[in-house]
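A.B. asks: Dropping in data05.cif, with mmCIF, C-alpha atoms and all ligand atoms.
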data_run
loop_
_atom_site.label_atom_id
_atom_site.label_comp_id
_atom_site.auth_asym_id
_atom_site.auth_seq_id
_atom_site.Cartn_x
_atom_site.Cartn_y
_atom_site.Cartn_z
CA MET X 1 -41.74 -11.46 -19.13
CA THR X 2 -39.74 -8.54 -17.68
CA GLN X 3 -40.87 -5.18 -19.05
CA LEU X 4 -37.86 -3.42 -20.60
CA ILE X 5 -38.46 0.33 -20.55
CA PHE X 6 -35.91 2.07 -22.70
CA HIS X 7 -35.38 5.85 -22.35
CA HIS X 8 -33.81 7.30 -25.50
CA TYR X 9 -34.23 9.55 -28.54
CA PRO X 10 -34.05 8.52 -32.20
CA SER X 11 -30.78 10.23 -33.20
CA SER X 12 -28.69 8.97 -30.25
CA PRO X 13 -25.87 6.64 -31.39
CA PHE X 14 -25.58 4.85 -28.03
CA ALA X 15 -29.35 4.31 -28.10
CA GLU X 16 -28.99 2.86 -31.62
CA LYS X 17 -26.43 0.40 -30.23
CA ILE X 18 -29.06 -0.91 -27.79
CA ARG X 19 -31.93 -0.78 -30.31
CA ALA X 20 -29.84 -2.99 -32.60
CA ILE X 21 -29.18 -5.38 -29.69
CA PHE X 22 -32.95 -5.54 -29.09
CA GLY X 23 -33.21 -6.61 -32.73
CA PHE X 24 -30.38 -9.16 -32.45
CA LYS X 25 -31.97 -10.76 -29.39
CA GLY X 26 -35.52 -10.45 -30.78
CA LEU X 27 -36.75 -8.55 -27.71
CA ARG X 28 -39.94 -6.64 -27.02
CA TRP X 29 -39.40 -3.29 -25.32
CA THR X 30 -41.19 -0.18 -24.24
CA SER X 31 -39.96 3.07 -25.77
CA VAL X 32 -39.87 6.31 -23.78
CA HIS X 33 -38.60 9.33 -25.71
CA ILE X 34 -36.52 11.75 -23.65
CA PRO X 35 -35.24 15.27 -24.49
CA MET X 36 -31.92 15.65 -26.32
CA ILE X 37 -30.77 18.44 -24.03
CA MET X 38 -31.24 19.55 -20.43
CA PRO X 39 -33.53 20.09 -18.61
CA LYS X 40 -34.64 16.45 -18.37
CA PRO X 41 -36.72 16.41 -15.17
CA ASP X 42 -38.19 12.94 -15.78
CA VAL X 43 -34.77 11.40 -16.46
CA ILE X 44 -33.32 13.01 -13.32
CA ALA X 45 -36.30 11.77 -11.24
CA LEU X 46 -35.22 8.24 -12.15
CA THR X 47 -31.43 8.59 -12.03
CA GLY X 48 -30.86 11.32 -9.43
CA GLY X 49 -28.48 13.28 -11.69
CA TYR X 50 -27.08 11.06 -14.46
CA ARG X 51 -28.27 12.64 -17.72
CA LYS X 52 -26.69 10.62 -20.50
CA THR X 53 -28.70 8.73 -23.09
CA PRO X 54 -29.79 5.92 -23.01
CA LEU X 55 -31.23 4.37 -19.80
CA LEU X 56 -32.90 1.05 -19.21
CA GLN X 57 -35.62 0.86 -16.57
CA ILE X 58 -36.90 -2.42 -15.17
CA GLY X 59 -39.54 -1.49 -12.59
CA ALA X 60 -37.66 0.52 -9.94
CA ASP X 61 -34.20 -0.52 -11.18
CA ILE X 62 -32.50 2.01 -13.45
CA TYR X 63 -29.50 0.90 -15.53
CA CYS X 64 -27.14 3.64 -16.75
CA ASP X 65 -24.65 3.32 -19.64
CA SER X 66 -25.00 1.15 -22.72
CA ALA X 67 -22.18 -1.21 -21.60
CA LEU X 68 -24.15 -2.19 -18.50
CA ILE X 69 -27.45 -2.24 -20.42
CA ALA X 70 -25.89 -4.77 -22.84
CA ASP X 71 -24.87 -6.95 -19.88
CA VAL X 72 -28.37 -6.76 -18.38
CA LEU X 73 -29.95 -7.77 -21.70
CA GLU X 74 -27.48 -10.65 -21.92
CA ARG X 75 -28.47 -11.78 -18.40
CA LEU X 76 -32.17 -11.69 -19.28
CA ALA X 77 -31.87 -13.12 -22.81
CA PRO X 78 -28.60 -15.08 -23.07
CA THR X 79 -29.28 -16.41 -26.59
CA PRO X 80 -28.01 -15.31 -29.05
CA THR X 81 -25.02 -14.17 -27.05
CA LEU X 82 -23.21 -10.84 -27.32
CA TYR X 83 -20.07 -12.45 -25.93
CA PRO X 84 -19.31 -15.55 -28.05
CA ALA X 85 -16.50 -17.83 -26.91
CA GLU X 86 -14.49 -17.26 -30.12
CA SER X 87 -13.80 -13.62 -29.26
CA ALA X 88 -14.30 -13.89 -25.48
CA GLY X 89 -12.81 -10.90 -23.63
CA MET X 90 -11.50 -9.23 -26.80
CA ALA X 91 -15.03 -8.32 -27.94
CA ARG X 92 -15.51 -6.25 -24.78
CA ILE X 93 -12.16 -4.52 -25.23
CA VAL X 94 -12.93 -3.59 -28.85
CA ALA X 95 -16.39 -2.40 -27.72
CA GLN X 96 -14.87 -0.17 -25.05
CA TRP X 97 -12.44 1.33 -27.60
CA ALA X 98 -15.30 1.93 -30.04
CA ASP X 99 -17.57 3.49 -27.39
CA SER X 100 -14.85 5.98 -26.49
CA THR X 101 -12.17 6.55 -29.17
CA LEU X 102 -14.23 5.74 -32.27
CA PHE X 103 -17.27 7.62 -30.94
CA TRP X 104 -15.24 10.76 -30.17
CA THR X 105 -13.74 10.59 -33.67
CA ALA X 106 -17.10 10.13 -35.43
CA ILE X 107 -18.88 12.88 -33.48
CA PRO X 108 -16.65 15.87 -34.35
CA TYR X 109 -16.33 14.54 -37.90
CA THR X 110 -20.12 14.31 -38.35
CA LEU X 111 -20.94 17.58 -36.58
CA GLN X 112 -18.36 19.54 -38.61
CA PRO X 113 -19.59 22.97 -39.73
CA ALA X 114 -20.23 21.84 -43.34
CA ALA X 115 -22.69 19.19 -42.14
CA PHE X 116 -23.89 20.55 -38.82
CA GLN X 117 -27.13 22.01 -40.13
CA HIS X 118 -27.94 18.76 -41.88
CA SER X 119 -27.13 16.46 -38.98
CA LEU X 120 -29.46 18.41 -36.72
CA SER X 121 -32.01 19.13 -39.42
CA GLY X 122 -35.38 20.27 -38.22
CA MET X 123 -33.91 22.47 -35.47
CA THR X 124 -34.54 26.22 -35.44
CA PRO X 125 -31.50 28.54 -35.04
CA GLU X 126 -32.48 29.00 -31.35
CA GLN X 127 -32.63 25.23 -30.82
CA LEU X 128 -29.25 24.81 -32.51
CA LYS X 129 -27.79 27.44 -30.19
CA ALA X 130 -29.29 25.71 -27.15
CA PHE X 131 -27.95 22.35 -28.38
CA MET X 132 -24.42 23.73 -28.76
CA ALA X 133 -24.50 25.32 -25.31
CA ASP X 134 -25.84 22.11 -23.76
CA ARG X 135 -23.15 19.93 -25.34
CA ALA X 136 -20.35 22.37 -24.40
CA ALA X 137 -21.42 22.15 -20.73
CA PHE X 138 -21.88 18.37 -21.07
CA ARG X 139 -18.33 17.84 -22.33
CA GLY X 140 -16.78 20.14 -19.76
CA ASN X 141 -13.03 20.22 -20.23
CA ALA X 142 -12.80 17.02 -22.25
CA PRO X 143 -10.70 17.78 -25.36
CA ILE X 144 -12.42 17.65 -28.73
CA MET X 145 -10.77 16.58 -32.01
CA GLN X 146 -10.56 19.07 -34.86
CA VAL X 147 -12.06 18.21 -38.27
CA PRO X 148 -8.79 17.36 -40.10
CA GLU X 149 -7.71 15.02 -37.29
CA SER X 150 -11.09 13.32 -37.01
CA THR X 151 -11.31 12.91 -40.82
CA GLY X 152 -7.85 11.37 -41.00
CA ALA X 153 -8.42 9.06 -38.04
CA LEU X 154 -11.86 7.94 -39.20
CA ARG X 155 -10.46 7.00 -42.64
CA LEU X 156 -7.73 4.95 -41.03
CA TYR X 157 -10.19 3.17 -38.75
CA LEU X 158 -12.43 2.42 -41.75
CA GLU X 159 -9.44 0.94 -43.61
CA GLN X 160 -8.73 -1.24 -40.59
CA PHE X 161 -12.35 -2.48 -40.40
CA GLU X 162 -12.28 -3.10 -44.15
CA ALA X 163 -9.11 -5.19 -43.81
CA GLN X 164 -10.64 -7.10 -40.91
CA LEU X 165 -13.73 -7.97 -42.98
CA ALA X 166 -11.88 -8.66 -46.24
CA ASP X 167 -11.58 -12.42 -45.62
CA GLY X 168 -15.37 -12.68 -46.00
CA ARG X 169 -16.17 -13.06 -42.30
CA PRO X 170 -19.71 -11.87 -41.57
CA TRP X 171 -18.93 -10.12 -38.28
CA LEU X 172 -16.02 -8.01 -37.12
CA LEU X 173 -14.46 -10.63 -34.89
CA GLY X 174 -15.34 -13.73 -36.89
CA LYS X 175 -18.28 -16.03 -37.55
CA ALA X 176 -20.30 -14.92 -34.55
CA THR X 177 -21.92 -11.54 -33.87
CA SER X 178 -20.49 -9.89 -30.76
CA ILE X 179 -20.78 -6.72 -28.70
CA ALA X 180 -17.92 -5.32 -30.83
CA ASP X 181 -20.25 -5.23 -33.87
CA PHE X 182 -22.83 -3.11 -32.04
CA SER X 183 -20.29 -0.73 -30.51
CA VAL X 184 -18.51 -0.07 -33.80
CA TYR X 185 -21.81 0.10 -35.69
CA HIS X 186 -23.49 2.91 -33.75
CA SER X 187 -20.81 5.53 -34.52
CA LEU X 188 -20.73 4.61 -38.23
CA TRP X 189 -24.56 4.66 -38.27
CA PHE X 190 -24.37 8.26 -37.03
CA VAL X 191 -21.97 9.20 -39.85
CA ARG X 192 -24.08 7.43 -42.47
CA ARG X 193 -27.24 9.37 -41.54
CA VAL X 194 -25.72 12.67 -42.64
CA PRO X 195 -25.37 12.91 -46.46
CA PRO X 196 -22.70 15.67 -46.56
CA VAL X 197 -20.27 13.49 -44.60
CA ALA X 198 -21.51 9.92 -45.28
CA GLY X 199 -19.38 9.70 -48.46
CA ILE X 200 -16.38 8.82 -46.31
CA LEU X 201 -17.86 5.29 -46.04
CA GLU X 202 -18.26 4.79 -49.80
CA PRO X 203 -14.88 3.18 -50.65
CA TYR X 204 -15.33 0.52 -47.96
CA ARG X 205 -17.64 -2.07 -49.50
CA HIS X 206 -17.03 -4.75 -46.86
CA VAL X 207 -17.82 -2.23 -44.13
CA LEU X 208 -21.01 -1.16 -45.93
CA ALA X 209 -22.12 -4.78 -46.40
CA TRP X 210 -21.44 -5.47 -42.70
CA MET X 211 -23.44 -2.35 -41.75
CA GLU X 212 -26.33 -3.71 -43.84
CA ARG X 213 -26.11 -6.98 -41.91
CA VAL X 214 -26.31 -5.19 -38.56
CA GLN X 215 -29.18 -3.02 -39.80
CA ALA X 216 -31.03 -6.12 -41.02
CA LEU X 217 -31.15 -7.40 -37.42
CA GLY X 218 -33.82 -4.75 -36.89
CA ASN X 219 -34.73 -3.10 -33.59
CA GLY X 220 -37.00 -5.74 -32.04
CA THR X 221 -40.58 -4.75 -31.34
CA SER X 222 -41.56 -1.78 -29.25
CA GLU X 223 -44.54 0.12 -28.00
CA LYS X 224 -44.56 3.71 -26.76
CA MET X 225 -44.89 5.00 -23.21
CA GLU X 226 -44.85 8.56 -21.83
CA SER X 227 -42.11 9.38 -19.33
CA GLY X 228 -44.68 10.26 -16.63
CA GLU X 229 -46.09 6.76 -16.86
CA ALA X 230 -42.59 5.27 -16.53
CA ILE X 231 -42.04 7.29 -13.34
CA ALA X 232 -45.40 6.16 -11.93
CA LEU X 233 -44.42 2.58 -12.74
CA ALA X 234 -41.12 3.00 -10.84
CA ALA X 235 -43.03 4.45 -7.87
CA ALA X 236 -45.38 1.46 -7.87
CA SER X 237 -42.51 -1.09 -8.05
CA LYS X 238 -39.95 -2.39 -5.57
CA PRO X 239 -36.29 -2.47 -6.64
CA SER X 240 -34.84 -5.97 -7.08
CA SER X 241 -33.23 -7.36 -3.93
CA THR X 242 -29.46 -7.16 -3.48
CA GLU X 243 -29.52 -8.91 -0.07
CA GLY X 244 -26.99 -11.67 0.41
CA GLU X 245 -24.98 -10.75 -2.71
CA ALA X 246 -21.18 -10.92 -2.50
CA PHE X 247 -19.88 -7.35 -2.03
CA LEU X 248 -16.55 -6.36 -3.60
CA ASP X 249 -14.94 -3.62 -1.49
CA LEU X 250 -12.17 -1.80 -3.37
CA HIS X 251 -12.71 1.61 -1.72
CA GLY X 252 -13.00 0.84 2.00
CA ILE X 253 -16.67 1.81 1.71
CA ALA X 254 -19.18 -0.59 3.27
CA ARG X 255 -22.58 -1.62 1.98
CA GLY X 256 -25.15 0.92 3.18
CA GLU X 257 -22.80 3.94 3.34
CA ARG X 258 -23.78 7.19 1.62
CA VAL X 259 -21.83 7.66 -1.59
CA THR X 260 -21.77 9.47 -4.89
CA VAL X 261 -21.20 7.83 -8.26
CA ALA X 262 -20.17 9.88 -11.30
CA ALA X 263 -18.88 9.21 -14.82
CA THR X 264 -15.19 10.01 -15.19
CA ASP X 265 -15.15 11.15 -18.83
CA TYR X 266 -17.93 13.69 -19.55
CA GLY X 267 -21.47 14.25 -18.31
CA VAL X 268 -19.95 13.87 -14.84
CA ASP X 269 -23.00 14.91 -12.76
CA PRO X 270 -22.86 12.84 -9.55
CA VAL X 271 -25.69 10.67 -8.25
CA GLU X 272 -25.99 10.37 -4.47
CA GLY X 273 -27.44 7.46 -2.52
CA GLU X 274 -26.76 4.44 -0.34
CA LEU X 275 -24.35 1.85 -1.74
CA VAL X 276 -26.26 -1.42 -2.06
CA LEU X 277 -24.38 -3.46 -4.66
CA SER X 278 -20.73 -3.84 -5.60
CA ARG X 279 -19.96 -6.53 -8.15
CA PRO X 280 -16.76 -6.86 -10.18
CA ASN X 281 -18.48 -5.10 -13.13
CA GLU X 282 -21.38 -3.19 -11.55
CA ILE X 283 -22.18 -0.86 -8.65
CA ALA X 284 -25.61 0.33 -7.56
CA ILE X 285 -27.03 2.86 -5.16
CA ARG X 286 -30.44 3.22 -3.56
CA ARG X 287 -32.12 6.60 -3.52
CA VAL X 288 -35.57 7.91 -2.77
CA ASP X 289 -37.11 10.38 -5.16
CA PRO X 290 -40.22 12.46 -4.47
CA ARG X 291 -41.82 11.25 -7.71
CA ALA X 292 -40.17 7.92 -8.56
CA GLY X 293 -40.07 6.63 -4.96
CA GLU X 294 -37.38 4.16 -3.90
CA VAL X 295 -35.17 3.31 -6.87
CA VAL X 296 -31.86 1.52 -7.31
CA VAL X 297 -29.58 3.16 -9.89
CA HIS X 298 -26.98 0.82 -11.44
CA PHE X 299 -23.70 1.77 -13.14
CA PRO X 300 -20.90 -0.22 -14.78
CA ARG X 301 -17.71 -0.20 -12.70
CA ILE X 302 -15.56 0.83 -15.68
CA GLY X 303 -15.82 4.56 -16.37
CA PHE X 304 -17.40 5.55 -13.04
CA ARG X 305 -15.98 6.89 -9.79
CA LEU X 306 -17.36 5.89 -6.40
CA GLN X 307 -16.75 8.24 -3.45
CA ARG X 308 -17.88 8.35 0.18
CA GLN X 309 -20.26 11.24 0.78
CA GLY X 310 -19.75 13.76 3.61
N1 LIG X 401 -20.84 5.72 -21.92
C1 LIG X 401 -22.21 6.12 -22.23
C2 LIG X 401 -22.19 7.23 -23.28
C3 LIG X 401 -23.57 7.76 -23.58
C4 LIG X 401 -23.54 9.07 -24.37
O1 LIG X 401 -22.51 9.74 -24.52
N2 LIG X 401 -24.72 9.42 -24.88
C5 LIG X 401 -24.90 10.68 -25.57
C6 LIG X 401 -25.96 10.51 -26.64
S1 LIG X 401 -25.52 9.28 -27.82
C7 LIG X 401 -25.45 11.68 -24.59
O2 LIG X 401 -25.72 11.34 -23.45
N3 LIG X 401 -25.63 12.93 -25.03
C8 LIG X 401 -26.19 13.93 -24.18
C9 LIG X 401 -27.64 13.72 -23.87
O3 LIG X 401 -28.31 12.86 -24.48
O4 LIG X 401 -28.12 14.43 -23.01
C10 LIG X 401 -22.98 4.89 -22.72
O5 LIG X 401 -22.36 3.93 -23.18
O6 LIG X 401 -24.21 4.88 -22.58
#
Starting from the coordinates I provided, produce the structure as structure tokens.
Ligand SMILES: N[C@@H](CCC(=O)N[C@@H](CS)C(=O)NCC(=O)O)C(=O)O
C.D. replies:
Amino acid sequence: MTQLIFHHYPSSPFAEKIRAIFGFKGLRWTSVHIPMIMPKPDVIALTGGYRKTPLLQIGADIYCDSALIADVLERLAPTPTLYPAESAGMARIVAQWADSTLFWTAIPYTLQPAAFQHSLSGMTPEQLKAFMADRAAFRGNAPIMQVPESTGALRLYLEQFEAQLADGRPWLLGKATSIADFSVYHSLWFVRRVPPVAGILEPYRHVLAWMERVQALGNGTSEKMESGEAIALAAASKPSSTEGEAFLDLHGIARGERVTVAATDYGVDPVEGELVLSRPNEIAIRRVDPRAGEVVVHFPRIGFRLQRQG
């Protein structure tokens, strides 16, 4: 069985999305804890610059972004599916909305000054300062919602989820669990962890019951690994072959050219390498790292920019 090495930290919402999918699919995985803020030398050894959380490592293949990680898990373990026929493409569209709009509503709401200390409990004042500085640099110029706006929007979204679930359906889009459940869940999970702000969920009993259902899926089974061991494992592995794959050229950039790939929203640090894979929903580049050796770093097409280098 493929070893799924998951790089994450406990309080990361996007990591919780994938941990819940591990539970849904009943998967075994290997857990590598990574730092919450930069520097992250062991993450960068694997990715070449991408610093967001989480990552999935399979040998010398590194998968960035939870949307792509969900697709990879679906490829490896198709049953039960994240993309049931009854909601087909709409589940992905709701998931993309939740991973962007809902997430960036829940984050400023949950990290509001009245709750900030609680949501990052256990941090010293110096660590809090370092966290704030890290996240300001991470977000760059991306606009951030103010507390009144995020409170108002979150309430409206909760009312909409409540209305959607009011007919007694178990999952957001119907009878079958879908990727939409996991993408909406992780932001609400983040809110619910912080008592000073979690009360916003209270009036929504269908939403709370649905959250219990997602939580009851569990997180699969995991064992721990140190990040140094994960890097050694990458160095000892060969990336999966991309030879002979159809190559979708939308940029006038051929297979084998030197490129950079960077997120377009925030955390936009570019990764440089040789373009080896271009599928409708995925691009990947090969790079050689002094510690991790030859690795292939994979990104979803949506939300990333590919550019020729030099
Ligand atoms: N589109 C990305 C978003 C990931 C993301 O924003 N992760 C947050 C943590 S939940 C992050 O990277 N924070 C900064 C960090 O961990 O260094 C995905 O779906 O994986």
A.B. asks: Check which residues fall inside 6 Å of ligand LIG 401 (chain X) when counting all atoms listed in the file, and print them as a PyMOL selection string.
C.D. replies: chain X and resi 12-14+36-37+51-54+65-67
A.B. asks: Applying 10 Å and only C-alpha atoms, which residues near Asp265 of chain X remain after dropping the ones on its own chain fewer than 6 positions away? List them as a list in words.
C.D. replies: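 After dropping sequence-adjacent residues, the list is Ser100, Arg139, Gly140, Asn141, Ala142, Gly303 and Phe304 of chain X.
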A.B. asks: Please produce an output containing C-alpha atoms for each residue in the selection, written as a short mmCIF file (atom, residue, chain, number, x, y, z; two decimals), keeping the file's coordinate frame.
C.D. replies:
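Generated file (part-v6.cif):
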data_model
loop_
_atom_site.label_atom_id
_atom_site.label_comp_id
_atom_site.auth_asym_id
_atom_site.auth_seq_id
_atom_site.Cartn_x
_atom_site.Cartn_y
_atom_site.Cartn_z
CA SER X 100 -14.85 5.98 -26.49
CA ARG X 139 -18.33 17.84 -22.33
CA GLY X 140 -16.78 20.14 -19.76
CA ASN X 141 -13.03 20.22 -20.23
CA ALA X 142 -12.80 17.02 -22.25
CA GLY X 303 -15.82 4.56 -16.37
CA PHE X 304 -17.40 5.55 -13.04
#
A.B. asks: Pick out the residues sitting within 9 Å of segment 241-256 of chain X, and hand them over as an MDAnalysis selection string; count all atoms listed in the file, and ignore anything fewer than 3 positions along from it in its own chain.
C.D. replies: chainID X and resid 238 259 273:280 285:286 306:308
A.B. asks: Could you check the closest approach to Thr177 of chain X for each of X:Lys25, X:Arg291, X:Arg135, X:His33 and tell me which residue wins, using all atoms listed in the file?
C.D. replies: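 When distances to Thr177 of chain X are compared using all atoms listed in the file, the smallest one comes from X:Lys25.
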A.B. asks: Could you pull out every residue with an atom within 10 Å of (-34.7, -2.9, -33.8), file coordinates, counting only C-alpha atoms, and send them as JSON, numbers by chain?
C.D. replies: {"X": [16, 17, 18, 19, 20, 21, 22, 23, 24, 25, 26, 27, 28, 29, 214, 215, 216, 217, 218, 219, 220, 221, 222]}
A.B. asks: Just how far from atom CA of Ala180 of chain X is atom CA of Val268 of chain X, in Å to one decimal?
C.D. replies: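 Computing the Euclidean distance for atom CA of Val268 of chain X and atom CA of Ala180 of chain X yields 25.1 Å.
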A.B. asks: Which of these, X:Ser150, X:Ser31, X:Ser240, X:Gln96, has the shortest distance to Thr110 of chain X once you count all atoms listed in the file?
C.D. replies: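 Using all atoms listed in the file, Thr110 of chain X sits closest to X:Ser150.
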A.B. asks: So, counting all atoms listed in the file, which residue among X:Asp289, X:Glu86, X:Glu202, X:Glu282 is closest to Arg155 of chain X?
C.D. replies: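 Closest candidate: X:Glu202.
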A.B. asks: Have a look at X:Pro41, X:Gly228, X:Pro35, X:Pro170 and name the one nearest to Leu208 of chain X; count only C-alpha atoms.
C.D. replies: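 Looking only at the distances to Leu208 of chain X, the closest residue turns out to be X:Pro170.
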A.B. asks: Atom CA of Asp134 of chain X and atom CA of Ile69 of chain X are how many Å apart?
C.D. replies: 24.6 Å
A.B. asks: Which residue is closest to Glu149 of chain X? Choose from X:Ala114, X:Ala106, X:Ala198, X:Met1 and count only C-alpha atoms.
C.D. replies: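 With only C-alpha atoms as the atom set, the closest residue is X:Ala106.
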A.B. asks: What are the centre and the three edge lengths of an axis-aligned box that wraps all atoms of segment 49-57 of chain X in the file, given that 3 Å is added to every side, written as JSON and rounded to one decimal in Å?
C.D. replies:
{"center_x": -31.2, "center_y": 7.1, "center_z": -17.4, "size_x": 14.9, "size_y": 18.4, "size_z": 17.4}
